[in-house]
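Participant: Contents are compact mmCIF, C-alpha atoms; file name upload_39.txt:
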# COMPACT_ATOMS: atom_id res chain seq x y z
CA MET A 1 5.86 29.14 -17.21
CA GLN A 2 5.95 25.79 -18.98
CA LYS A 3 2.93 23.55 -18.51
CA PRO A 4 3.04 19.87 -17.49
CA PRO A 5 1.78 17.14 -19.80
CA PRO A 6 -2.04 16.78 -19.81
CA LEU A 7 -3.24 15.34 -16.49
CA LEU A 8 -4.70 12.09 -17.85
CA GLU A 9 -1.53 11.59 -19.90
CA MET A 10 0.55 11.85 -16.72
CA ILE A 11 -1.72 9.45 -14.85
CA ASP A 12 -1.64 6.97 -17.74
CA ALA A 13 2.17 7.12 -17.90
CA LEU A 14 2.47 6.46 -14.16
CA ILE A 15 -0.02 3.57 -14.21
CA SER A 16 1.64 2.10 -17.32
CA THR A 17 5.02 1.97 -15.54
CA PRO A 18 5.05 -1.10 -13.25
CA SER A 19 6.54 -0.54 -9.79
CA VAL A 20 5.28 -3.35 -7.57
CA SER A 21 6.96 -3.67 -4.20
CA SER A 22 6.65 -6.84 -2.16
CA VAL A 23 8.34 -8.71 0.65
CA SER A 24 8.46 -11.60 -1.82
CA PRO A 25 11.38 -11.35 -4.29
CA ASP A 26 9.19 -13.09 -6.87
CA PHE A 27 6.98 -9.99 -7.11
CA ASP A 28 9.29 -7.14 -6.09
CA GLN A 29 10.25 -4.60 -8.76
CA SER A 30 12.28 -1.41 -9.06
CA ASN A 31 10.52 1.95 -8.90
CA ARG A 32 13.27 3.83 -10.75
CA ALA A 33 11.30 4.13 -13.99
CA VAL A 34 8.52 5.96 -12.14
CA ILE A 35 11.02 8.18 -10.34
CA ASP A 36 12.76 9.03 -13.62
CA LEU A 37 9.41 9.82 -15.23
CA LEU A 38 8.51 12.25 -12.45
CA ALA A 39 12.00 13.74 -12.45
CA GLY A 40 11.81 14.44 -16.17
CA TRP A 41 8.48 16.24 -15.90
CA LEU A 42 9.48 18.26 -12.85
CA SER A 43 12.91 19.27 -14.15
CA ALA A 44 11.30 20.57 -17.35
CA LEU A 45 8.88 22.60 -15.21
CA GLY A 46 11.69 24.28 -13.28
CA TRP A 47 11.64 22.24 -10.07
CA ARG A 48 14.96 21.45 -8.36
CA VAL A 49 15.04 17.67 -8.41
CA GLU A 50 17.01 15.26 -6.21
CA ILE A 51 16.93 11.50 -6.75
CA MET A 52 17.78 9.72 -3.51
CA PRO A 53 18.88 6.05 -3.82
CA ILE A 54 17.60 3.65 -1.17
CA GLY A 55 20.58 1.77 0.29
CA ASP A 56 23.77 0.65 -1.42
CA GLY A 57 23.34 -0.92 -4.84
CA SER A 58 19.55 -0.77 -4.64
CA ASP A 59 17.35 -0.28 -7.69
CA LYS A 60 14.91 1.74 -5.57
CA ALA A 61 14.90 5.51 -5.03
CA ASN A 62 13.02 8.46 -3.57
CA LEU A 63 12.49 11.78 -5.30
CA VAL A 64 12.51 15.16 -3.55
CA ALA A 65 11.60 18.07 -5.84
CA THR A 66 11.37 21.69 -4.72
CA LEU A 67 9.63 24.69 -6.26
CA GLY A 68 10.48 28.04 -4.68
CA ASN A 69 12.98 28.92 -1.96
CA GLY A 70 13.35 29.50 1.72
CA PRO A 71 12.65 27.60 4.92
CA GLY A 72 9.37 26.00 5.92
CA GLY A 73 6.90 25.22 3.20
CA LEU A 74 4.49 22.46 2.29
CA VAL A 75 5.21 18.88 1.27
CA LEU A 76 2.87 16.96 -1.01
CA ALA A 77 3.89 13.32 -0.68
CA GLY A 78 3.03 9.96 -2.16
CA HIS A 79 4.56 6.55 -2.69
CA THR A 80 5.47 5.33 -6.16
CA ASP A 81 5.02 1.61 -5.51
CA THR A 82 1.93 -0.54 -5.73
CA VAL A 83 0.99 -3.88 -4.26
CA PRO A 84 1.06 -6.98 -6.50
CA TYR A 85 -2.06 -7.70 -8.52
CA ASP A 86 -4.20 -10.79 -9.13
CA PRO A 87 -3.67 -12.06 -12.71
CA GLY A 88 -6.94 -13.13 -14.27
CA ARG A 89 -9.12 -11.27 -11.77
CA TRP A 90 -8.93 -7.87 -13.42
CA GLN A 91 -11.49 -6.96 -16.07
CA HIS A 92 -9.24 -4.04 -17.09
CA ASP A 93 -5.54 -3.97 -17.86
CA PRO A 94 -3.86 -3.09 -14.51
CA PHE A 95 -1.03 -1.34 -16.37
CA LYS A 96 -3.15 0.90 -18.57
CA LEU A 97 -5.39 3.78 -17.56
CA THR A 98 -8.98 2.92 -18.50
CA ARG A 99 -11.80 5.50 -18.34
CA GLN A 100 -15.17 3.82 -18.00
CA GLY A 101 -18.40 4.74 -16.28
CA GLY A 102 -16.96 7.80 -14.55
CA ARG A 103 -14.05 5.83 -13.12
CA LEU A 104 -10.31 5.67 -13.75
CA TYR A 105 -9.18 2.04 -13.57
CA GLY A 106 -5.61 0.84 -13.14
CA LEU A 107 -3.12 -0.39 -10.56
CA GLY A 108 -2.23 2.69 -8.51
CA THR A 109 -5.13 4.91 -9.56
CA CYS A 110 -6.48 4.94 -6.00
CA ASP A 111 -3.37 3.91 -4.05
CA MET A 112 -1.76 6.23 -5.00
CA LYS A 113 0.11 7.23 -8.16
CA THR A 114 -2.69 9.52 -9.33
CA PHE A 115 -2.05 11.87 -6.39
CA LEU A 116 1.46 12.59 -7.66
CA ALA A 117 0.08 13.70 -11.03
CA LEU A 118 -2.59 15.79 -9.29
CA ALA A 119 0.07 17.51 -7.19
CA ILE A 120 2.04 18.45 -10.31
CA GLU A 121 -1.12 19.68 -12.05
CA ALA A 122 -2.17 21.79 -9.04
CA ALA A 123 1.31 23.33 -8.69
CA SER A 124 1.28 24.37 -12.35
CA SER A 125 -1.29 27.04 -11.47
CA PHE A 126 1.34 29.02 -9.54
CA SER A 127 4.43 30.99 -10.39
CA PRO A 128 7.16 30.10 -7.88
CA ALA A 129 7.99 33.83 -7.77
CA ARG A 130 4.83 34.16 -5.66
CA PHE A 131 5.99 31.66 -3.09
CA LYS A 132 7.13 32.95 0.30
CA GLU A 133 7.81 29.35 1.33
CA PRO A 134 8.61 26.41 -0.97
CA LEU A 135 6.42 23.65 -2.29
CA ILE A 136 8.09 20.23 -2.08
CA LEU A 137 6.97 17.10 -3.90
CA VAL A 138 8.17 13.85 -2.31
CA ALA A 139 7.79 10.47 -4.04
CA THR A 140 8.93 7.45 -2.05
CA ALA A 141 9.83 3.80 -2.56
CA ASP A 142 8.56 0.65 -0.87
CA GLU A 143 5.71 2.02 1.25
CA GLU A 144 3.74 -1.14 0.50
CA SER A 145 6.48 -3.45 1.78
CA SER A 146 9.31 -2.19 4.00
CA MET A 147 8.83 1.58 4.45
CA ALA A 148 12.48 1.83 3.35
CA GLY A 149 11.82 5.01 1.39
CA ALA A 150 10.34 6.86 4.35
CA GLN A 151 13.04 5.54 6.68
CA THR A 152 15.68 6.86 4.29
CA LEU A 153 14.10 10.31 4.43
CA VAL A 154 14.35 10.25 8.23
CA SER A 155 17.97 9.06 8.14
CA VAL A 156 19.06 11.96 5.90
CA GLY A 157 16.75 14.51 7.51
CA ARG A 158 15.06 15.62 4.30
CA PRO A 159 12.82 17.25 3.38
CA GLN A 160 12.71 20.14 5.82
CA ALA A 161 9.27 21.76 5.92
CA ARG A 162 6.54 22.89 8.27
CA TYR A 163 3.67 20.80 6.96
CA ALA A 164 2.93 17.77 4.80
CA VAL A 165 -0.06 16.22 3.08
CA ILE A 166 0.21 12.55 2.11
CA GLY A 167 -2.28 11.66 -0.60
CA GLU A 168 -3.27 8.18 0.55
CA PRO A 169 -6.90 7.19 -0.12
CA THR A 170 -9.07 8.84 2.54
CA GLY A 171 -12.10 9.88 0.50
CA LEU A 172 -10.90 13.52 0.71
CA ARG A 173 -11.31 13.51 4.49
CA PRO A 174 -8.32 14.53 6.62
CA VAL A 175 -6.66 11.94 8.86
CA ARG A 176 -4.42 12.93 11.76
CA LEU A 177 -4.20 9.65 13.65
CA HIS A 178 -3.63 6.04 12.72
CA LYS A 179 -2.55 2.89 14.48
CA GLY A 180 0.89 1.35 14.10
CA VAL A 181 1.69 -2.20 13.15
CA MET A 182 4.27 -4.76 14.19
CA MET A 183 4.40 -8.38 13.02
CA GLU A 184 6.48 -10.80 15.07
CA SER A 185 7.65 -14.38 14.83
CA ILE A 186 7.78 -16.44 18.04
CA HIS A 187 9.73 -19.67 17.63
CA LEU A 188 10.11 -22.44 20.19
CA ARG A 189 12.65 -25.24 19.83
CA GLY A 190 12.32 -28.43 21.81
CA ARG A 191 13.37 -32.03 21.15
CA SER A 192 11.71 -34.64 18.96
CA GLY A 193 11.02 -38.16 20.08
CA HIS A 194 8.60 -41.07 19.80
CA SER A 195 5.08 -40.06 20.77
CA SER A 196 4.61 -43.26 22.81
CA ASP A 197 6.71 -41.81 25.63
CA PRO A 198 6.57 -38.05 26.41
CA ALA A 199 9.87 -38.34 28.29
CA LEU A 200 11.69 -39.05 25.02
CA GLY A 201 11.26 -35.45 23.78
CA ASN A 202 10.27 -31.93 24.71
CA SER A 203 7.24 -30.68 22.78
CA ALA A 204 7.51 -27.19 21.34
CA LEU A 205 3.85 -27.42 20.45
CA GLU A 206 2.90 -28.02 24.08
CA GLY A 207 5.09 -25.06 25.02
CA MET A 208 3.34 -22.85 22.48
CA ARG A 209 0.09 -23.42 24.35
CA LEU A 210 1.69 -21.58 27.30
CA VAL A 211 2.74 -18.78 24.94
CA LEU A 212 -0.77 -18.46 23.48
CA ASP A 213 -2.31 -18.25 26.96
CA GLU A 214 0.18 -15.53 27.91
CA LEU A 215 -0.46 -13.54 24.74
CA VAL A 216 -4.22 -13.59 25.35
CA ARG A 217 -3.62 -12.35 28.91
CA TRP A 218 -1.31 -9.60 27.65
CA ARG A 219 -3.82 -8.54 25.02
CA ALA A 220 -6.51 -8.13 27.67
CA GLU A 221 -4.15 -6.01 29.78
CA LEU A 222 -3.18 -3.81 26.82
CA GLN A 223 -6.81 -3.25 25.91
CA ALA A 224 -7.67 -2.34 29.50
CA GLN A 225 -4.77 0.12 29.73
CA HIS A 226 -4.95 1.78 26.30
CA VAL A 227 -8.22 3.15 24.93
CA ASN A 228 -8.71 5.88 22.33
CA PRO A 229 -12.37 6.50 21.46
CA LEU A 230 -11.41 8.37 18.27
CA PHE A 231 -10.75 4.98 16.62
CA HIS A 232 -13.51 2.69 15.35
CA VAL A 233 -11.73 -0.11 17.22
CA PRO A 234 -10.66 1.98 20.22
CA VAL A 235 -8.09 -0.44 21.65
CA PRO A 236 -4.86 -2.03 20.43
CA THR A 237 -5.41 -5.36 18.71
CA LEU A 238 -3.27 -8.50 18.83
CA ASN A 239 -4.05 -11.11 16.20
CA LEU A 240 -2.80 -14.71 16.39
CA GLY A 241 -2.39 -15.06 12.65
CA HIS A 242 -0.28 -18.12 11.78
CA ILE A 243 1.05 -21.20 13.58
CA HIS A 244 3.03 -24.19 12.39
CA GLY A 245 4.65 -26.96 14.35
CA GLY A 246 5.67 -30.57 14.00
CA ASP A 247 5.58 -32.91 11.05
CA ASN A 248 3.79 -36.11 12.06
CA PRO A 249 1.26 -37.19 14.70
CA ASN A 250 3.57 -39.91 16.07
CA ARG A 251 6.54 -37.59 16.65
CA ILE A 252 6.96 -35.19 19.53
CA CYS A 253 7.08 -31.70 18.02
CA ALA A 254 10.60 -30.26 18.06
CA ASP A 255 9.83 -26.85 16.49
CA CYS A 256 6.80 -24.58 16.59
CA GLU A 257 6.45 -21.05 15.21
CA LEU A 258 3.71 -18.49 15.75
CA HIS A 259 3.22 -15.21 13.84
CA ILE A 260 1.31 -12.37 15.47
CA ASP A 261 0.11 -8.94 14.33
CA LEU A 262 -0.04 -6.16 16.94
CA ARG A 263 -1.69 -2.81 16.12
CA PRO A 264 -0.72 -0.25 18.78
CA LEU A 265 -2.42 3.07 19.43
CA PRO A 266 -0.56 6.38 19.29
CA GLY A 267 1.67 6.72 22.33
CA MET A 268 2.62 3.03 22.41
CA ASP A 269 6.28 2.48 21.51
CA LEU A 270 7.18 -0.45 19.23
CA GLY A 271 10.56 -1.04 20.90
CA GLU A 272 9.02 -1.17 24.35
CA LEU A 273 6.29 -3.52 23.16
CA ARG A 274 8.89 -5.89 21.69
CA HIS A 275 10.81 -5.87 24.96
CA ILE A 276 7.66 -6.66 26.97
CA LEU A 277 6.68 -9.41 24.52
CA GLN A 278 10.06 -11.12 24.88
CA ARG A 279 10.07 -10.84 28.67
CA ARG A 280 6.54 -12.17 29.12
CA ILE A 281 7.09 -15.17 26.85
CA GLU A 282 10.38 -16.00 28.57
CA GLN A 283 8.54 -16.01 31.88
CA ALA A 284 5.68 -18.10 30.46
CA ILE A 285 7.98 -20.94 29.33
CA LYS A 286 10.38 -20.72 32.26
CA GLY A 287 11.40 -24.17 33.43
CA THR A 288 10.25 -25.97 30.27
CA GLY A 289 13.72 -26.29 28.76
CA LEU A 290 12.45 -24.87 25.46
CA GLN A 291 14.57 -22.41 23.48
CA LEU A 292 12.87 -19.14 22.49
CA THR A 293 13.61 -16.93 19.48
CA CYS A 294 11.58 -13.77 18.86
CA ARG A 295 12.18 -11.74 15.71
CA PRO A 296 10.33 -9.01 13.81
CA LEU A 297 8.85 -10.10 10.50
CA PHE A 298 9.51 -6.49 9.44
CA GLU A 299 10.70 -3.44 11.32
CA GLY A 300 7.18 -2.20 11.94
CA THR A 301 5.42 1.09 11.41
CA PRO A 302 4.77 3.38 14.37
CA ALA A 303 1.39 4.90 15.09
CA MET A 304 0.75 8.44 13.92
CA GLU A 305 -0.70 11.37 15.80
CA THR A 306 -0.60 14.97 14.61
CA ARG A 307 -1.88 17.46 17.17
CA ALA A 308 -5.43 18.64 16.58
CA THR A 309 -4.37 22.29 16.91
CA SER A 310 -1.81 22.15 14.09
CA ASP A 311 -2.44 24.65 11.33
CA ILE A 312 -2.40 21.91 8.66
CA VAL A 313 -5.09 19.98 10.56
CA ARG A 314 -7.26 23.06 11.00
CA ALA A 315 -6.79 24.13 7.39
CA THR A 316 -7.73 20.74 5.93
CA GLU A 317 -10.73 20.50 8.24
CA SER A 318 -11.90 23.96 7.15
CA LEU A 319 -11.36 23.28 3.44
CA THR A 320 -13.01 19.85 3.40
CA GLY A 321 -15.75 20.44 5.97
CA TYR A 322 -14.75 17.27 7.85
CA SER A 323 -13.13 16.85 11.25
CA ALA A 324 -9.78 15.08 11.09
CA MET A 325 -10.31 11.40 11.80
CA ALA A 326 -8.47 8.30 12.94
CA VAL A 327 -7.98 5.22 10.74
CA ALA A 328 -6.64 1.71 11.24
CA PHE A 329 -4.36 1.49 8.19
CA GLY A 330 -0.74 2.66 8.30
CA THR A 331 1.02 5.33 6.24
CA GLU A 332 4.34 7.16 6.00
CA GLY A 333 2.88 9.93 8.16
CA PRO A 334 4.72 9.07 11.40
CA TYR A 335 8.08 9.27 9.59
CA PHE A 336 7.33 12.83 8.42
CA ASN A 337 6.22 13.69 11.95
CA GLN A 338 9.55 12.34 13.25
CA MET A 339 11.26 14.99 11.10
CA GLY A 340 9.22 17.72 12.78
CA ILE A 341 6.75 18.08 9.89
CA ASP A 342 3.10 18.28 10.97
CA THR A 343 1.38 15.79 8.69
CA VAL A 344 -2.14 15.08 7.51
CA VAL A 345 -3.13 12.11 5.36
CA LEU A 346 -5.63 13.26 2.74
CA GLY A 347 -6.25 11.91 -0.74
CA PRO A 348 -8.97 11.39 -3.36
CA GLY A 349 -9.22 7.60 -3.36
CA ASP A 350 -11.27 5.34 -1.10
CA ILE A 351 -9.47 2.77 1.01
CA GLU A 352 -12.13 0.21 0.01
CA GLN A 353 -10.75 0.29 -3.55
CA ALA A 354 -7.10 -0.11 -2.53
CA HIS A 355 -5.39 -3.49 -3.00
CA GLN A 356 -8.42 -4.79 -4.95
CA PRO A 357 -8.80 -6.19 -8.48
CA ASP A 358 -10.01 -3.44 -10.82
CA GLU A 359 -8.76 -0.72 -8.49
CA TYR A 360 -10.29 2.59 -9.48
CA LEU A 361 -10.62 6.27 -8.66
CA GLU A 362 -13.89 8.13 -9.14
CA GLU A 363 -13.29 10.69 -11.88
CA ALA A 364 -15.54 13.12 -10.00
CA ARG A 365 -12.84 13.38 -7.30
CA ILE A 366 -10.32 14.95 -9.70
CA GLY A 367 -11.74 18.48 -9.69
CA PRO A 368 -12.27 18.76 -5.90
CA THR A 369 -8.78 17.40 -5.25
CA LEU A 370 -7.15 19.93 -7.56
CA ASP A 371 -9.16 22.72 -5.94
CA LEU A 372 -8.14 21.55 -2.46
CA LEU A 373 -4.46 21.25 -3.36
CA ARG A 374 -4.41 24.72 -4.94
CA LYS A 375 -5.93 26.21 -1.80
CA LEU A 376 -3.38 24.43 0.38
CA ILE A 377 -0.49 25.62 -1.80
CA ASP A 378 -1.82 29.18 -1.60
CA ARG A 379 -2.32 28.89 2.16
CA PHE A 380 1.10 27.47 3.03
CA CYS A 381 3.40 28.65 0.22
CA VAL A 382 1.96 31.92 -1.12
CA GLN A 383 0.43 33.25 2.12
CA PRO A 384 2.04 31.18 4.87
CA PRO A 385 1.47 31.89 8.56
CA SER A 386 4.27 34.12 9.78
CA ASN A 387 5.51 31.74 12.48
CA GLY A 388 4.02 28.34 11.82
CA ASP A 389 0.81 28.07 13.83
Before anything else, please render the file you have as structure tokens.
Facilitator:
Amino acid sequence: MQKPPPLLEMIDALISTPSVSSVSPDFDQSNRAVIDLLAGWLSALGWRVEIMPIGDGSDKANLVATLGNGPGGLVLAGHTDTVPYDPGRWQHDPFKLTRQGGRLYGLGTCDMKTFLALAIEAASSFSPARFKEPLILVATADEESSMAGAQTLVSVGRPQARYAVIGEPTGLRPVRLHKGVMMESIHLRGRSGHSSDPALGNSALEGMRLVLDELVRWRAELQAQHVNPLFHVPVPTLNLGHIHGGDNPNRICADCELHIDLRPLPGMDLGELRHILQRRIEQAIKGTGLQLTCRPLFEGTPAMETRATSDIVRATESLTGYSAMAVAFGTEGPYFNQMGIDTVVLGPGDIEQAHQPDEYLEEARIGPTLDLLRKLIDRFCVQPPSNGD
């Protein structure tokens, strides 16, 4: 069986291929060069490779590569994009792998291009002829911005597998729960006028005070109704993050906009929360004559919960020696769960290093990660449970 390129060579090639995704067009880039790089390696190694464009005319794509045949199987998944970086704040070139002091520096070393190279390296230890169920490598687009890559997977219903491991930075500890996130804009429109006479206008800024009071009341109700002690912050959070209104002290404010961030627990539905938000604000400003517009700043990411009894949860707990935990940051995990794939988030990086200047991965994590991935491949592809759990 042909061998992949040397591991550090693969990591360097991935880091050296920029693939920033951002909600700002000024920073957003295509990920196709990374996808093509992975596709070339995997095709040469005998994987069946599918490149899946994201939307019509987009320069973004997913990759789904399969080794072995049959139903079920194990997915090893990661996103190909990175966040933007801070020019001038890096001591190392963000687009070059640098080995120094037992660390691998570069944009995406921790979050999370390295995991894709590790998955390929681990798989190279096996002959697919040994597989009773397939191994599937999934590389997605735009996890750091829109989740469009994961949403595309759901829309086409691929991949089909029993279990998935997403290699986000968790310090090699399994994660089976995380909060969701929704970010909303609340805009009030009133009427401007001279500040000397309140009757000459209708202040959107005054109206927003009613909205803020209502949001604080709603937050208290949500936190009384929804508690999960598995989380460090065991309740949903609602942050009042940004507000802007008016243009001059001597003019009645005609427009005011508030941006909020809501982090729901598993079991809380984003669509229902948006409906409640709209209804409560409408009631709060009833009779003011102000016009209300609520809109999502992005579609939102649902919370994730994989059952504690799932075989993938139990296996990763046994292999790592850690109980599966809950985290506050979001991943593509809930989208895989929507496709009926029991999913654990588990990767070699540390979340404290993600999105930071001089992002790095401890080189000492390489060996344990390869060992863990090989054991998972053996457990779920070579010697899979006969009927799932």
Participant: Sort by chain and increasing residue number a table of all residues of stretch 93-210 of chain A within 12 Å of stretch 222-228 of chain A, each with its closest pair of atoms and their distance in Å to one decimal, counting only C-alpha atoms, and write it as a Markdown table.
Facilitator:
| residue | atom | partner | partner_atom | distance |
| --- | --- | --- | --- | --- |
| A:Leu177 | CA | A:Asn228 | CA | 10.5 |
| A:His178 | CA | A:Asn228 | CA | 10.9 |
| A:Lys179 | CA | A:Asn228 | CA | 10.4 |
Participant: Which is closest to A:Ile11 among A:Glu121, A:Asp255, A:Asp269, A:Asp142, if we use all atoms listed in the file?
Facilitator: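 Going through A:Glu121, A:Asp255, A:Asp269, A:Asp142 one by one, the smallest distance to A:Ile11 is for A:Glu121.
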Participant: Please, what distance in Å, to one decimal, runs between atom CA of A:Arg48 and atom CA of A:Thr66?
Facilitator: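 Those two atoms sit 5.1 Å apart.
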Participant: Can you pull out the residues contacting stretch 305-321 of chain A? Cut-off 8 Å, using only C-alpha atoms, and skip same-chain residues under 6 positions away; I want them as a list in words.
Facilitator: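 Those residues are Tyr163, Ala164, Leu172, Arg173, Pro174, Arg176, Leu177, His178, Pro266, Pro334, Asn337, Asp342, Thr343, Val344, Leu372, Leu376, Gly388 and Asp389 of chain A.
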Participant: Using the selection just defined, write its residues with C-alpha atoms as a CSV table (one decimal), in the coordinates of the input.
Facilitator:
chain,number,residue,atom,x,y,z
A,163,TYR,CA,3.7,20.8,7.0
A,164,ALA,CA,2.9,17.8,4.8
A,172,LEU,CA,-10.9,13.5,0.7
A,173,ARG,CA,-11.3,13.5,4.5
A,174,PRO,CA,-8.3,14.5,6.6
A,176,ARG,CA,-4.4,12.9,11.8
A,177,LEU,CA,-4.2,9.6,13.6
A,178,HIS,CA,-3.6,6.0,12.7
A,266,PRO,CA,-0.6,6.4,19.3
A,334,PRO,CA,4.7,9.1,11.4
A,337,ASN,CA,6.2,13.7,12.0
A,342,ASP,CA,3.1,18.3,11.0
A,343,THR,CA,1.4,15.8,8.7
A,344,VAL,CA,-2.1,15.1,7.5
A,372,LEU,CA,-8.1,21.6,-2.5
A,376,LEU,CA,-3.4,24.4,0.4
A,388,GLY,CA,4.0,28.3,11.8
A,389,ASP,CA,0.8,28.1,13.8
Participant: Counting all atoms listed in the file, note down every residue that has an atom within 9 Å of the point (1.0, -29.9, 21.3) (file coordinates), as a VMD selection string.
Facilitator: chain A and resid 203 to 209 245 to 246 252 to 253
Participant: Any chance you could export the current selection's C-alpha atoms as a short mmCIF file (atom, residue, chain, number, x, y, z; two decimals), keeping the file's coordinate frame?
Facilitator:
data_model
loop_
_atom_site.label_atom_id
_atom_site.label_comp_id
_atom_site.auth_asym_id
_atom_site.auth_seq_id
_atom_site.Cartn_x
_atom_site.Cartn_y
_atom_site.Cartn_z
CA SER A 203 7.24 -30.68 22.78
CA ALA A 204 7.51 -27.19 21.34
CA LEU A 205 3.85 -27.42 20.45
CA GLU A 206 2.90 -28.02 24.08
CA GLY A 207 5.09 -25.06 25.02
CA MET A 208 3.34 -22.85 22.48
CA ARG A 209 0.09 -23.42 24.35
CA GLY A 245 4.65 -26.96 14.35
CA GLY A 246 5.67 -30.57 14.00
CA ILE A 252 6.96 -35.19 19.53
CA CYS A 253 7.08 -31.70 18.02
#
Participant: Residues near A:Arg191, anyone? I mean within 7 Å using all atoms listed in the file, not counting same-chain ones fewer than 2 positions away, as a PyMOL selection string.
Facilitator: chain A and resi 189+193+201-203+254
Participant: Of the candidates A:Lys113, A:Lys3, A:Arg251, A:Lys60, which one gets nearest to A:Asp28 if we count all atoms listed in the file?
Facilitator: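 Nearest to A:Asp28: A:Lys60.
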Participant: Of the candidates A:Phe329, A:His187, A:Gln356, A:Arg365, which shows the shortest atom-to-atom distance to A:Leu290, using only C-alpha atoms?
Facilitator: A:His187
Participant: Smallest atom-to-atom distance to A:Pro128: which of A:Val233, A:Met304, A:Val345, A:Leu67, using all atoms listed in the file?
Facilitator: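 Answer, going by the shortest atom-to-atom distance: A:Leu67.
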Participant: Would you list the residues near (-2.5, 7.8, 0.0) (no more than 7 Å away, in the coordinates of the file, using all atoms listed in the file) as a ChimeraX atom specification?
Facilitator: /A:78,111-112,166-169,345-347
Participant: Measuring atom to atom with only C-alpha atoms, identify which of A:Glu362, A:Glu257, A:Asp12, A:Asp371 is nearest to A:Cys294.
Facilitator: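 Smallest separation from A:Cys294 among the options: A:Glu257.
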Participant: List the neighbours of stretch 71-73 of chain A out to 9 Å using only C-alpha atoms; skip same-chain residues closer than 2 positions along the sequence, and give me the result as a PyMOL selection string.
Facilitator: chain A and resi 69+75+132-136+160-164+377+380-381+384+388
Participant: Choose the residue, out of A:Ala119, A:Cys110, A:Ala65, A:Ala326, that has the smallest atom-to-atom separation from A:Phe231; count all atoms listed in the file.
Facilitator: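 Ranked by minimum distance to A:Phe231, first place goes to A:Ala326.
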Participant: Expressed in Å to a single decimal, how great is the separation between atom CA of A:Ile351 and atom CA of A:Glu299?
Facilitator: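 Spanning atom CA of A:Ile351 to atom CA of A:Glu299 is a straight-line distance of 23.5 Å.
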Participant: Atom CA of A:Asn250 and atom CA of A:Ser196 are how many Å apart?
Facilitator: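 Between atom CA of A:Asn250 and atom CA of A:Ser196 the gap works out to 7.6 Å.
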